[in-house]
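Dropping entry_4.cif in here (mmCIF, C-alpha atoms):
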```
data_structure
#
loop_
_atom_site.group_PDB
_atom_site.id
_atom_site.type_symbol
_atom_site.label_atom_id
_atom_site.label_comp_id
_atom_site.auth_asym_id
_atom_site.auth_seq_id
_atom_site.Cartn_x
_atom_site.Cartn_y
_atom_site.Cartn_z
ATOM 1 C CA MET A 1 11.136 -35.270 -21.215
ATOM 2 C CA TRP A 2 12.433 -32.411 -19.080
ATOM 3 C CA ARG A 3 15.873 -33.583 -17.989
ATOM 4 C CA ARG A 4 18.682 -31.222 -19.064
ATOM 5 C CA ARG A 5 16.402 -29.164 -21.317
ATOM 6 C CA ASP A 6 17.030 -25.493 -21.939
ATOM 7 C CA VAL A 7 14.098 -23.156 -21.307
ATOM 8 C CA VAL A 8 14.514 -20.389 -23.864
ATOM 9 C CA SER A 9 11.056 -19.959 -25.415
ATOM 10 C CA ALA A 10 7.510 -20.975 -24.517
ATOM 11 C CA ARG A 11 7.206 -22.329 -28.055
ATOM 12 C CA ASP A 12 9.472 -25.237 -27.132
ATOM 13 C CA PHE A 13 6.989 -26.845 -24.724
ATOM 14 C CA ASP A 14 3.799 -28.721 -25.519
ATOM 15 C CA ARG A 15 0.698 -29.438 -23.472
ATOM 16 C CA ARG A 16 2.087 -32.634 -21.967
ATOM 17 C CA ASP A 17 5.251 -30.823 -20.853
ATOM 18 C CA LEU A 18 3.179 -28.139 -19.155
ATOM 19 C CA GLU A 19 0.808 -30.567 -17.457
ATOM 20 C CA ASP A 20 3.766 -32.570 -16.115
ATOM 21 C CA LEU A 21 5.209 -29.323 -14.784
ATOM 22 C CA PHE A 22 1.900 -28.360 -13.152
ATOM 23 C CA GLU A 23 1.541 -31.695 -11.388
ATOM 24 C CA THR A 24 5.108 -31.494 -10.104
ATOM 25 C CA ALA A 25 4.580 -27.899 -8.936
ATOM 26 C CA LYS A 26 1.464 -28.924 -7.032
ATOM 27 C CA TYR A 27 3.545 -31.575 -5.272
ATOM 28 C CA MET A 28 6.258 -29.017 -4.511
ATOM 29 C CA GLU A 29 3.779 -26.675 -2.824
ATOM 30 C CA LYS A 30 4.121 -28.695 0.390
ATOM 31 C CA TYR A 31 7.834 -27.819 0.491
ATOM 32 C CA ALA A 32 7.567 -24.149 -0.555
ATOM 33 C CA LYS A 33 7.960 -22.975 3.060
ATOM 34 C CA SER A 34 10.438 -25.614 4.235
ATOM 35 C CA ARG A 35 13.574 -27.324 2.925
ATOM 36 C CA VAL A 36 14.240 -30.681 1.354
ATOM 37 C CA GLU A 37 17.488 -32.191 0.131
ATOM 38 C CA PHE A 38 16.391 -33.167 -3.380
ATOM 39 C CA LEU A 39 19.200 -31.101 -4.942
ATOM 40 C CA LYS A 40 21.846 -31.225 -2.216
ATOM 41 C CA GLY A 41 25.243 -30.494 -3.734
ATOM 42 C CA ARG A 42 23.815 -28.858 -6.864
ATOM 43 C CA VAL A 43 24.571 -25.219 -7.746
ATOM 44 C CA MET A 44 22.445 -22.765 -9.731
ATOM 45 C CA ALA A 45 24.066 -19.665 -11.228
ATOM 46 C CA VAL A 46 21.973 -16.524 -11.714
ATOM 47 C CA ALA A 47 23.095 -13.865 -14.184
ATOM 48 C CA PHE A 48 20.657 -10.964 -14.023
ATOM 49 C CA PHE A 49 21.772 -8.090 -16.218
ATOM 50 C CA GLU A 50 18.369 -6.392 -15.723
ATOM 51 C CA PRO A 51 16.524 -5.484 -12.505
ATOM 52 C CA SER A 52 14.230 -8.158 -11.089
ATOM 53 C CA THR A 53 12.474 -8.869 -7.824
ATOM 54 C CA ARG A 54 10.001 -11.742 -8.182
ATOM 55 C CA THR A 55 11.765 -13.750 -10.885
ATOM 56 C CA ARG A 56 15.183 -13.622 -9.263
ATOM 57 C CA LEU A 57 14.045 -14.136 -5.684
ATOM 58 C CA SER A 58 11.633 -16.935 -6.555
ATOM 59 C CA PHE A 59 14.354 -18.794 -8.475
ATOM 60 C CA GLU A 60 16.810 -18.366 -5.608
ATOM 61 C CA THR A 61 14.232 -19.379 -3.003
ATOM 62 C CA ALA A 62 13.219 -22.371 -5.100
ATOM 63 C CA MET A 63 16.780 -23.650 -5.384
ATOM 64 C CA LYS A 64 17.427 -23.195 -1.666
ATOM 65 C CA ARG A 65 14.142 -24.909 -0.722
ATOM 66 C CA LEU A 66 15.318 -27.859 -2.832
ATOM 67 C CA GLY A 67 18.566 -28.052 -0.857
ATOM 68 C CA GLY A 68 20.818 -26.533 -3.526
ATOM 69 C CA GLU A 69 23.089 -23.512 -3.566
ATOM 70 C CA VAL A 70 23.024 -20.249 -5.535
ATOM 71 C CA VAL A 71 25.863 -18.157 -6.979
ATOM 72 C CA GLY A 72 25.790 -15.271 -9.396
ATOM 73 C CA PHE A 73 25.249 -11.566 -9.760
ATOM 74 C CA TRP A 74 22.479 -8.973 -10.062
ATOM 75 C CA GLY A 75 23.616 -6.210 -12.360
ATOM 76 C CA ALA A 76 26.885 -5.920 -14.253
ATOM 77 C CA GLU A 77 28.438 -3.652 -11.604
ATOM 78 C CA GLY A 78 31.448 -5.251 -9.950
ATOM 79 C CA THR A 79 31.768 -8.017 -12.565
ATOM 80 C CA SER A 80 34.136 -8.526 -15.477
ATOM 81 C CA VAL A 81 31.373 -7.334 -17.797
ATOM 82 C CA GLU A 82 32.419 -3.834 -16.775
ATOM 83 C CA LYS A 83 35.885 -4.658 -18.106
ATOM 84 C CA GLY A 84 34.485 -5.596 -21.482
ATOM 85 C CA GLU A 85 33.958 -9.347 -21.059
ATOM 86 C CA THR A 86 31.552 -10.745 -23.653
ATOM 87 C CA LEU A 87 28.276 -12.415 -22.746
ATOM 88 C CA ALA A 88 29.540 -15.693 -24.193
ATOM 89 C CA ASP A 89 32.635 -15.650 -21.961
ATOM 90 C CA THR A 90 30.561 -14.774 -18.892
ATOM 91 C CA VAL A 91 28.274 -17.718 -19.630
ATOM 92 C CA ARG A 92 31.252 -20.065 -20.055
ATOM 93 C CA MET A 93 32.532 -18.988 -16.646
ATOM 94 C CA LEU A 94 29.165 -19.568 -14.971
ATOM 95 C CA ASP A 95 28.830 -22.882 -16.777
ATOM 96 C CA ALA A 96 32.069 -24.075 -15.176
ATOM 97 C CA TYR A 97 30.835 -23.125 -11.699
ATOM 98 C CA SER A 98 27.286 -24.477 -11.758
ATOM 99 C CA ASP A 99 24.807 -27.145 -12.865
ATOM 100 C CA LEU A 100 22.180 -24.711 -14.199
ATOM 101 C CA ILE A 101 22.194 -21.085 -15.361
ATOM 102 C CA VAL A 102 19.290 -18.634 -15.101
ATOM 103 C CA ILE A 103 19.821 -15.509 -17.177
ATOM 104 C CA ARG A 104 17.962 -12.222 -17.614
ATOM 105 C CA HIS A 105 19.152 -9.711 -20.184
ATOM 106 C CA ARG A 106 17.915 -6.540 -21.865
ATOM 107 C CA TYR A 107 18.772 -7.847 -25.341
ATOM 108 C CA GLU A 108 16.588 -10.253 -27.256
ATOM 109 C CA GLY A 109 18.368 -13.479 -28.079
ATOM 110 C CA ALA A 110 20.708 -13.378 -25.077
ATOM 111 C CA ALA A 111 19.240 -16.536 -23.549
ATOM 112 C CA LYS A 112 19.447 -18.391 -26.855
ATOM 113 C CA LEU A 113 23.111 -17.423 -27.165
ATOM 114 C CA ALA A 114 23.744 -18.561 -23.602
ATOM 115 C CA ALA A 115 22.098 -21.920 -24.308
ATOM 116 C CA GLU A 116 24.280 -22.388 -27.395
ATOM 117 C CA VAL A 117 27.446 -21.643 -25.430
ATOM 118 C CA ALA A 118 26.764 -23.504 -22.180
ATOM 119 C CA GLU A 119 27.047 -27.254 -21.728
ATOM 120 C CA ASN A 120 24.658 -27.192 -18.769
ATOM 121 C CA PRO A 121 20.967 -26.217 -19.067
ATOM 122 C CA VAL A 122 20.053 -22.537 -19.416
ATOM 123 C CA VAL A 123 16.769 -21.004 -18.257
ATOM 124 C CA ASN A 124 15.573 -17.708 -19.699
ATOM 125 C CA GLY A 125 14.507 -15.373 -16.897
ATOM 126 C CA GLY A 126 13.441 -12.746 -19.459
ATOM 127 C CA ASP A 127 15.252 -11.316 -22.476
ATOM 128 C CA GLY A 128 14.434 -8.060 -24.196
ATOM 129 C CA ALA A 129 10.771 -7.645 -25.071
ATOM 130 C CA SER A 130 10.468 -11.106 -26.599
ATOM 131 C CA ASN A 131 10.492 -13.983 -24.099
ATOM 132 C CA HIS A 132 9.755 -14.777 -20.493
ATOM 133 C CA PRO A 133 8.803 -18.462 -20.652
ATOM 134 C CA THR A 134 8.867 -19.281 -16.934
ATOM 135 C CA GLN A 135 6.476 -16.386 -16.243
ATOM 136 C CA ALA A 136 4.076 -17.851 -18.811
ATOM 137 C CA MET A 137 4.369 -21.229 -17.102
ATOM 138 C CA LEU A 138 3.573 -19.553 -13.789
ATOM 139 C CA ASP A 139 0.622 -17.675 -15.282
ATOM 140 C CA LEU A 140 -0.907 -20.871 -16.653
ATOM 141 C CA TYR A 141 -0.199 -22.746 -13.433
ATOM 142 C CA THR A 142 -2.036 -20.059 -11.462
ATOM 143 C CA ILE A 143 -5.056 -20.389 -13.768
ATOM 144 C CA TRP A 144 -4.904 -24.195 -13.522
ATOM 145 C CA ARG A 145 -4.767 -24.056 -9.710
ATOM 146 C CA GLU A 146 -7.573 -21.492 -9.558
ATOM 147 C CA PHE A 147 -10.045 -23.253 -11.874
ATOM 148 C CA GLY A 148 -8.745 -26.812 -11.996
ATOM 149 C CA TYR A 149 -8.552 -26.575 -15.790
ATOM 150 C CA ILE A 150 -7.652 -24.186 -18.608
ATOM 151 C CA ASP A 151 -9.660 -25.435 -21.600
ATOM 152 C CA GLY A 152 -12.857 -23.514 -22.290
ATOM 153 C CA LEU A 153 -11.890 -20.305 -20.502
ATOM 154 C CA ASN A 154 -12.199 -16.787 -21.916
ATOM 155 C CA ILE A 155 -8.963 -14.947 -21.172
ATOM 156 C CA GLY A 156 -8.526 -11.196 -21.555
ATOM 157 C CA VAL A 157 -5.051 -9.677 -21.872
ATOM 158 C CA VAL A 158 -4.957 -5.913 -21.388
ATOM 159 C CA GLY A 159 -2.312 -3.179 -21.476
ATOM 160 C CA ASP A 160 0.966 -2.853 -23.348
ATOM 161 C CA LEU A 161 0.798 -5.991 -25.482
ATOM 162 C CA ARG A 162 3.623 -4.925 -27.798
ATOM 163 C CA HIS A 163 6.470 -4.479 -25.347
ATOM 164 C CA ALA A 164 5.496 -6.967 -22.624
ATOM 165 C CA ARG A 165 7.573 -10.121 -22.999
ATOM 166 C CA THR A 166 5.229 -11.803 -20.539
ATOM 167 C CA VAL A 167 2.402 -11.365 -23.057
ATOM 168 C CA ASN A 168 4.397 -12.874 -25.930
ATOM 169 C CA SER A 169 5.244 -15.969 -23.920
ATOM 170 C CA LEU A 170 1.758 -16.307 -22.424
ATOM 171 C CA LEU A 171 0.075 -16.199 -25.828
ATOM 172 C CA GLU A 172 2.526 -18.734 -27.212
ATOM 173 C CA ALA A 173 1.926 -21.095 -24.283
ATOM 174 C CA LEU A 174 -1.862 -20.700 -24.542
ATOM 175 C CA THR A 175 -1.765 -22.215 -28.025
ATOM 176 C CA ASN A 176 -1.569 -25.584 -26.252
ATOM 177 C CA PHE A 177 -5.089 -25.147 -24.840
ATOM 178 C CA ASN A 178 -8.629 -24.652 -26.132
ATOM 179 C CA VAL A 179 -9.295 -21.092 -24.984
ATOM 180 C CA LYS A 180 -10.380 -17.798 -26.473
ATOM 181 C CA VAL A 181 -8.174 -14.762 -25.945
ATOM 182 C CA PHE A 182 -9.370 -11.149 -25.999
ATOM 183 C CA LEU A 183 -6.451 -8.819 -26.807
ATOM 184 C CA ILE A 184 -7.242 -5.389 -25.364
ATOM 185 C CA SER A 185 -4.977 -2.432 -26.052
ATOM 186 C CA PRO A 186 -4.603 0.753 -28.053
ATOM 187 C CA GLU A 187 -3.976 -0.198 -31.675
ATOM 188 C CA TYR A 188 -0.427 1.109 -31.315
ATOM 189 C CA LEU A 189 0.266 -1.439 -28.543
ATOM 190 C CA ARG A 190 -1.168 -4.579 -30.124
ATOM 191 C CA PRO A 191 1.051 -7.692 -29.932
ATOM 192 C CA ARG A 192 3.982 -7.899 -32.289
ATOM 193 C CA THR A 193 3.340 -9.228 -35.772
ATOM 194 C CA GLU A 194 5.466 -12.326 -35.261
ATOM 195 C CA THR A 195 3.510 -13.233 -32.128
ATOM 196 C CA VAL A 196 0.152 -12.777 -33.843
ATOM 197 C CA ASP A 197 1.332 -14.795 -36.838
ATOM 198 C CA TYR A 198 2.420 -17.612 -34.527
ATOM 199 C CA ILE A 199 -0.791 -17.867 -32.508
ATOM 200 C CA ARG A 200 -2.825 -17.646 -35.719
ATOM 201 C CA SER A 201 -0.814 -20.489 -37.268
ATOM 202 C CA ARG A 202 -1.454 -22.564 -34.136
ATOM 203 C CA GLY A 203 -5.197 -21.942 -34.245
ATOM 204 C CA LEU A 204 -5.521 -19.956 -31.027
ATOM 205 C CA ARG A 205 -8.883 -18.159 -31.106
ATOM 206 C CA HIS A 206 -8.338 -14.468 -30.522
ATOM 207 C CA SER A 207 -9.892 -11.067 -31.151
ATOM 208 C CA PHE A 208 -8.675 -7.470 -30.887
ATOM 209 C CA HIS A 209 -10.376 -4.760 -28.824
ATOM 210 C CA THR A 210 -9.636 -1.221 -27.687
ATOM 211 C CA SER A 211 -12.309 -1.168 -24.955
ATOM 212 C CA LEU A 212 -12.078 -3.379 -21.869
ATOM 213 C CA GLU A 213 -15.623 -2.562 -20.783
ATOM 214 C CA GLU A 214 -17.150 -4.030 -23.933
ATOM 215 C CA VAL A 215 -15.727 -7.521 -23.261
ATOM 216 C CA LEU A 216 -15.252 -7.612 -19.475
ATOM 217 C CA ARG A 217 -18.496 -9.472 -18.717
ATOM 218 C CA GLU A 218 -17.370 -12.343 -20.983
ATOM 219 C CA LEU A 219 -14.041 -12.965 -19.225
ATOM 220 C CA ASP A 220 -13.054 -15.693 -16.777
ATOM 221 C CA VAL A 221 -9.471 -14.432 -16.485
ATOM 222 C CA LEU A 222 -8.125 -10.892 -16.912
ATOM 223 C CA TYR A 223 -4.358 -10.680 -17.351
ATOM 224 C CA VAL A 224 -3.155 -7.115 -16.800
ATOM 225 C CA VAL A 225 0.231 -5.713 -17.806
ATOM 226 C CA ARG A 226 1.548 -2.228 -17.200
ATOM 227 C CA ILE A 227 2.485 0.307 -19.844
ATOM 228 C CA GLN A 228 6.252 -0.243 -19.835
ATOM 229 C CA LYS A 229 7.898 3.153 -19.760
ATOM 230 C CA GLU A 230 11.391 1.669 -20.019
ATOM 231 C CA ARG A 231 10.561 0.069 -23.399
ATOM 232 C CA PHE A 232 9.617 3.386 -25.075
ATOM 233 C CA LEU A 233 12.306 5.258 -26.967
ATOM 234 C CA ASP A 234 10.125 8.371 -27.163
ATOM 235 C CA PRO A 235 8.808 9.720 -23.799
ATOM 236 C CA LEU A 236 5.968 11.467 -25.623
ATOM 237 C CA GLU A 237 4.737 8.148 -26.990
ATOM 238 C CA TYR A 238 4.690 6.761 -23.451
ATOM 239 C CA GLU A 239 2.714 9.723 -22.133
ATOM 240 C CA ARG A 240 0.217 9.287 -24.972
ATOM 241 C CA VAL A 241 -0.790 5.791 -23.851
ATOM 242 C CA ARG A 242 -0.066 5.999 -20.136
ATOM 243 C CA GLY A 243 -3.123 5.199 -18.051
ATOM 244 C CA SER A 244 -5.091 3.842 -21.003
ATOM 245 C CA TYR A 245 -6.612 1.137 -18.819
ATOM 246 C CA ARG A 246 -7.187 1.115 -15.090
ATOM 247 C CA ILE A 247 -9.041 -1.650 -13.248
ATOM 248 C CA SER A 248 -11.361 -0.184 -10.622
ATOM 249 C CA LEU A 249 -13.983 -1.486 -8.206
ATOM 250 C CA ASP A 250 -16.709 0.224 -10.157
ATOM 251 C CA MET A 251 -15.638 -1.484 -13.377
ATOM 252 C CA LEU A 252 -15.720 -4.922 -11.741
ATOM 253 C CA LYS A 253 -19.452 -4.622 -11.028
ATOM 254 C CA ASN A 254 -19.942 -5.909 -14.580
ATOM 255 C CA ALA A 255 -17.563 -8.848 -14.222
ATOM 256 C CA LYS A 256 -18.283 -12.515 -13.591
ATOM 257 C CA ARG A 257 -18.226 -13.413 -9.902
ATOM 258 C CA HIS A 258 -15.386 -15.868 -10.479
ATOM 259 C CA LEU A 259 -13.261 -13.506 -12.611
ATOM 260 C CA ALA A 260 -9.578 -13.982 -11.707
ATOM 261 C CA ILE A 261 -7.305 -10.965 -12.196
ATOM 262 C CA LEU A 262 -3.640 -11.770 -12.794
ATOM 263 C CA HIS A 263 -0.652 -9.449 -13.162
ATOM 264 C CA PRO A 264 3.043 -10.390 -13.558
ATOM 265 C CA LEU A 265 3.953 -7.370 -11.389
ATOM 266 C CA PRO A 266 5.247 -4.821 -10.679
ATOM 267 C CA ARG A 267 2.158 -2.663 -11.128
ATOM 268 C CA VAL A 268 2.073 1.097 -11.321
ATOM 269 C CA ASP A 269 -1.471 2.445 -11.449
ATOM 270 C CA GLU A 270 -3.218 -0.013 -13.767
ATOM 271 C CA ILE A 271 -5.004 -1.798 -10.894
ATOM 272 C CA ASP A 272 -6.613 0.281 -8.138
ATOM 273 C CA HIS A 273 -5.294 -0.845 -4.744
ATOM 274 C CA LYS A 274 -8.885 -1.208 -3.576
ATOM 275 C CA VAL A 275 -9.175 -4.205 -5.914
ATOM 276 C CA ASP A 276 -6.616 -6.048 -3.758
ATOM 277 C CA SER A 277 -9.255 -6.888 -1.146
ATOM 278 C CA THR A 278 -11.713 -8.406 -3.620
ATOM 279 C CA PRO A 279 -12.002 -12.131 -4.481
ATOM 280 C CA HIS A 280 -10.959 -11.213 -8.028
ATOM 281 C CA ALA A 281 -7.393 -10.303 -7.018
ATOM 282 C CA LYS A 282 -5.147 -13.314 -7.639
ATOM 283 C CA TYR A 283 -1.887 -11.557 -8.483
ATOM 284 C CA PHE A 284 -0.271 -11.941 -5.076
ATOM 285 C CA LYS A 285 -1.200 -15.626 -5.021
ATOM 286 C CA GLN A 286 0.270 -15.790 -8.516
ATOM 287 C CA ALA A 287 3.563 -14.341 -7.254
ATOM 288 C CA ALA A 288 3.655 -16.757 -4.306
ATOM 289 C CA LEU A 289 3.125 -19.738 -6.612
ATOM 290 C CA GLY A 290 6.329 -18.719 -8.384
ATOM 291 C CA VAL A 291 8.329 -20.616 -5.753
ATOM 292 C CA PRO A 292 6.758 -24.099 -6.150
ATOM 293 C CA LEU A 293 6.469 -23.642 -9.920
ATOM 294 C CA ARG A 294 10.173 -22.857 -10.221
ATOM 295 C CA MET A 295 11.037 -25.579 -7.713
ATOM 296 C CA ALA A 296 9.299 -28.005 -10.064
ATOM 297 C CA LEU A 297 11.059 -26.542 -13.093
ATOM 298 C CA ILE A 298 14.534 -26.762 -11.562
ATOM 299 C CA TYR A 299 13.889 -30.258 -10.221
ATOM 300 C CA LEU A 300 12.620 -31.583 -13.566
ATOM 301 C CA ILE A 301 15.566 -30.102 -15.464
ATOM 302 C CA LEU A 302 18.190 -31.478 -13.096
ATOM 303 C CA MET A 303 16.545 -34.702 -11.871
ATOM 304 C CA GLY A 304 13.542 -35.409 -14.081
ATOM 305 C CA PRO A 305 12.944 -38.172 -16.615
#
```

Could you quickly redo this structure as structure tokens?
Amino acid sequence: MWRRRDVVSARDFDRRDLEDLFETAKYMEKYAKSRVEFLKGRVMAVAFFEPSTRTRLSFETAMKRLGGEVVGFWGAEGTSVEKGETLADTVRMLDAYSDLIVIRHRYEGAAKLAAEVAENPVVNGGDGASNHPTQAMLDLYTIWREFGYIDGLNIGVVGDLRHARTVNSLLEALTNFNVKVFLISPEYLRPRTETVDYIRSRGLRHSFHTSLEEVLRELDVLYVVRIQKERFLDPLEYERVRGSYRISLDMLKNAKRHLAILHPLPRVDEIDHKVDSTPHAKYFKQAALGVPLRMALIYLILMGP
């Protein structure tokens, strides 16, 4: 059941939930470039305390395509937060003005707090380095649309696996499927202990690697994340791992013909721009699918069973 559910963590959703979401998103694809009146009169509030392009714009576009309205802010500048208003009070204000709140915040636990305070549903648009559940839903939906299934695939995840909240949520969501995951990173940037403990407890098959080349030929999906400079407290630590992995045309000669490369974006230099023109590049399709996926999510929360 989706109606009036908060979306705080990927751990809160099982395989049936995700498959229902995927089927609804596929239906919504026909409306992703038009407008319907499914949510006429409904209002979504967006509270983005951190910069965002794809997440914010895809949520706003999704709500408008569904016939609803959007209010909110993008950055604390010009809001009462600058005057010292607490997050809880800001959420209460938005709750009074809207039917649904989408929040992004630099602090872990902000979305959970918002969900505890608000009477209306809250969707986590990314908090700290811990959760980004709707991105994980989008990532899995892209794989599902590309292959027609998820079970049985070999999925590589490469880059900064410690600080990328997209990786945490993706790994948690993948525990609902029969896949094998190859975790590729410098040892220093392996996923957080709590994430590894969770996927291990759920029986997700996984292995750790420092070399992408040694496992590339086995992969059906390669999920790339950037080295996140803004998450490093020490600039020297960032420089030490910067550029550890870079996907090039030459490297892809050893890949499966159907290898799908995904990336939550933005990218810096971890994927050569020449890769964009290859059949492997699915990251722009992935970004585009964010609109129907979030249309489905909003619709199910506000109107679903």

* Asked: Counting all atoms listed in the file, which of A:Phe59, A:Tyr141, A:Tyr283, A:Phe147 gets nearest to Lys26 of chain A?
  -> A:Tyr141

* Expand the PyMOL selection byres ((chain A and resi 31-35) around 7) into the individual residues it matches in the shown file, reporting them as JSON, numbers by chain. => {"A": [28, 29, 30, 36, 37, 65, 66, 67, 291, 292]}

* To do: Find the residues near Ser58 of chain A: any atom within 9 Å, counting only C-alpha atoms, skip ones fewer than 2 places away on the same chain, and give them as a count of residues only.
  => 16

As AutoDock Vina command-line options, please: the centre and edge lengths in Å, to one decimal, of an axis-aligned box enclosing every listed atom of segment 103-115 of chain A with 3 Å added on each side.
```
--center_x 20.2 --center_y -14.2 --center_z -22.6 --size_x 13.2 --size_y 21.4 --size_z 16.9
```

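Among A:Pro186, A:Pro191, A:Gly203, A:Gly109, the residue with the shortest atom-to-atom distance to Val8 of chain A, counting all atoms listed in the file, is A:Gly109.
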
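Across the chains present, the PyMOL selection byres ((chain A and resi 137) around 8) applied to this file returns A:Leu18, A:Pro133, A:Thr134, A:Gln135, A:Ala136, A:Leu138, A:Asp139, A:Leu140, A:Tyr141, A:Leu170, A:Ala173, A:Leu293.
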
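Here atom CA of Leu94 of chain A stands at a distance of 11.3 Å from atom CA of Val70 of chain A.
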
* Could you give me, as JSON, numbers by chain, the residues within 7 Å of Asp160 of chain A, counting all atoms listed in the file and dropping anything in the same chain fewer than 4 positions from it? => {"A": [164, 185, 189, 225, 226, 227, 228]}

Please identify all polymer residues within 9 Å of segment 211-223 of chain A, counting all atoms listed in the file, omitting same-chain residues fewer than 3 positions from it, and present them as a tab-separated table (two decimals) with C-alpha atoms, in the frame of the given file.
```tsv
chain	number	residue	atom	x	y	z
A	139	ASP	CA	0.62	-17.68	-15.28
A	143	ILE	CA	-5.06	-20.39	-13.77
A	153	LEU	CA	-11.89	-20.30	-20.50
A	154	ASN	CA	-12.20	-16.79	-21.92
A	155	ILE	CA	-8.96	-14.95	-21.17
A	156	GLY	CA	-8.53	-11.20	-21.56
A	157	VAL	CA	-5.05	-9.68	-21.87
A	158	VAL	CA	-4.96	-5.91	-21.39
A	159	GLY	CA	-2.31	-3.18	-21.48
A	167	VAL	CA	2.40	-11.36	-23.06
A	182	PHE	CA	-9.37	-11.15	-26.00
A	184	ILE	CA	-7.24	-5.39	-25.36
A	185	SER	CA	-4.98	-2.43	-26.05
A	186	PRO	CA	-4.60	0.75	-28.05
A	245	TYR	CA	-6.61	1.14	-18.82
A	251	MET	CA	-15.64	-1.48	-13.38
A	252	LEU	CA	-15.72	-4.92	-11.74
A	254	ASN	CA	-19.94	-5.91	-14.58
A	255	ALA	CA	-17.56	-8.85	-14.22
A	256	LYS	CA	-18.28	-12.52	-13.59
A	257	ARG	CA	-18.23	-13.41	-9.90
A	258	HIS	CA	-15.39	-15.87	-10.48
A	259	LEU	CA	-13.26	-13.51	-12.61
A	260	ALA	CA	-9.58	-13.98	-11.71
A	261	ILE	CA	-7.30	-10.96	-12.20
A	262	LEU	CA	-3.64	-11.77	-12.79
A	263	HIS	CA	-0.65	-9.45	-13.16
A	264	PRO	CA	3.04	-10.39	-13.56
```

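Note that the spacing between atom CA of Val102 of chain A and atom CA of Val43 of chain A amounts to 11.2 Å.
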
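The space separating atom CA of Ile271 of chain A from atom CA of Phe49 of chain A comes to 28.0 Å.
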
* Asked: Which residues, protein or nucleic acid, reach to within 7 Å of (24.3, -30.8, -9.5) in the file's coordinates when using all atoms listed in the file, and can you give that as a count of residues only?
  -> 5
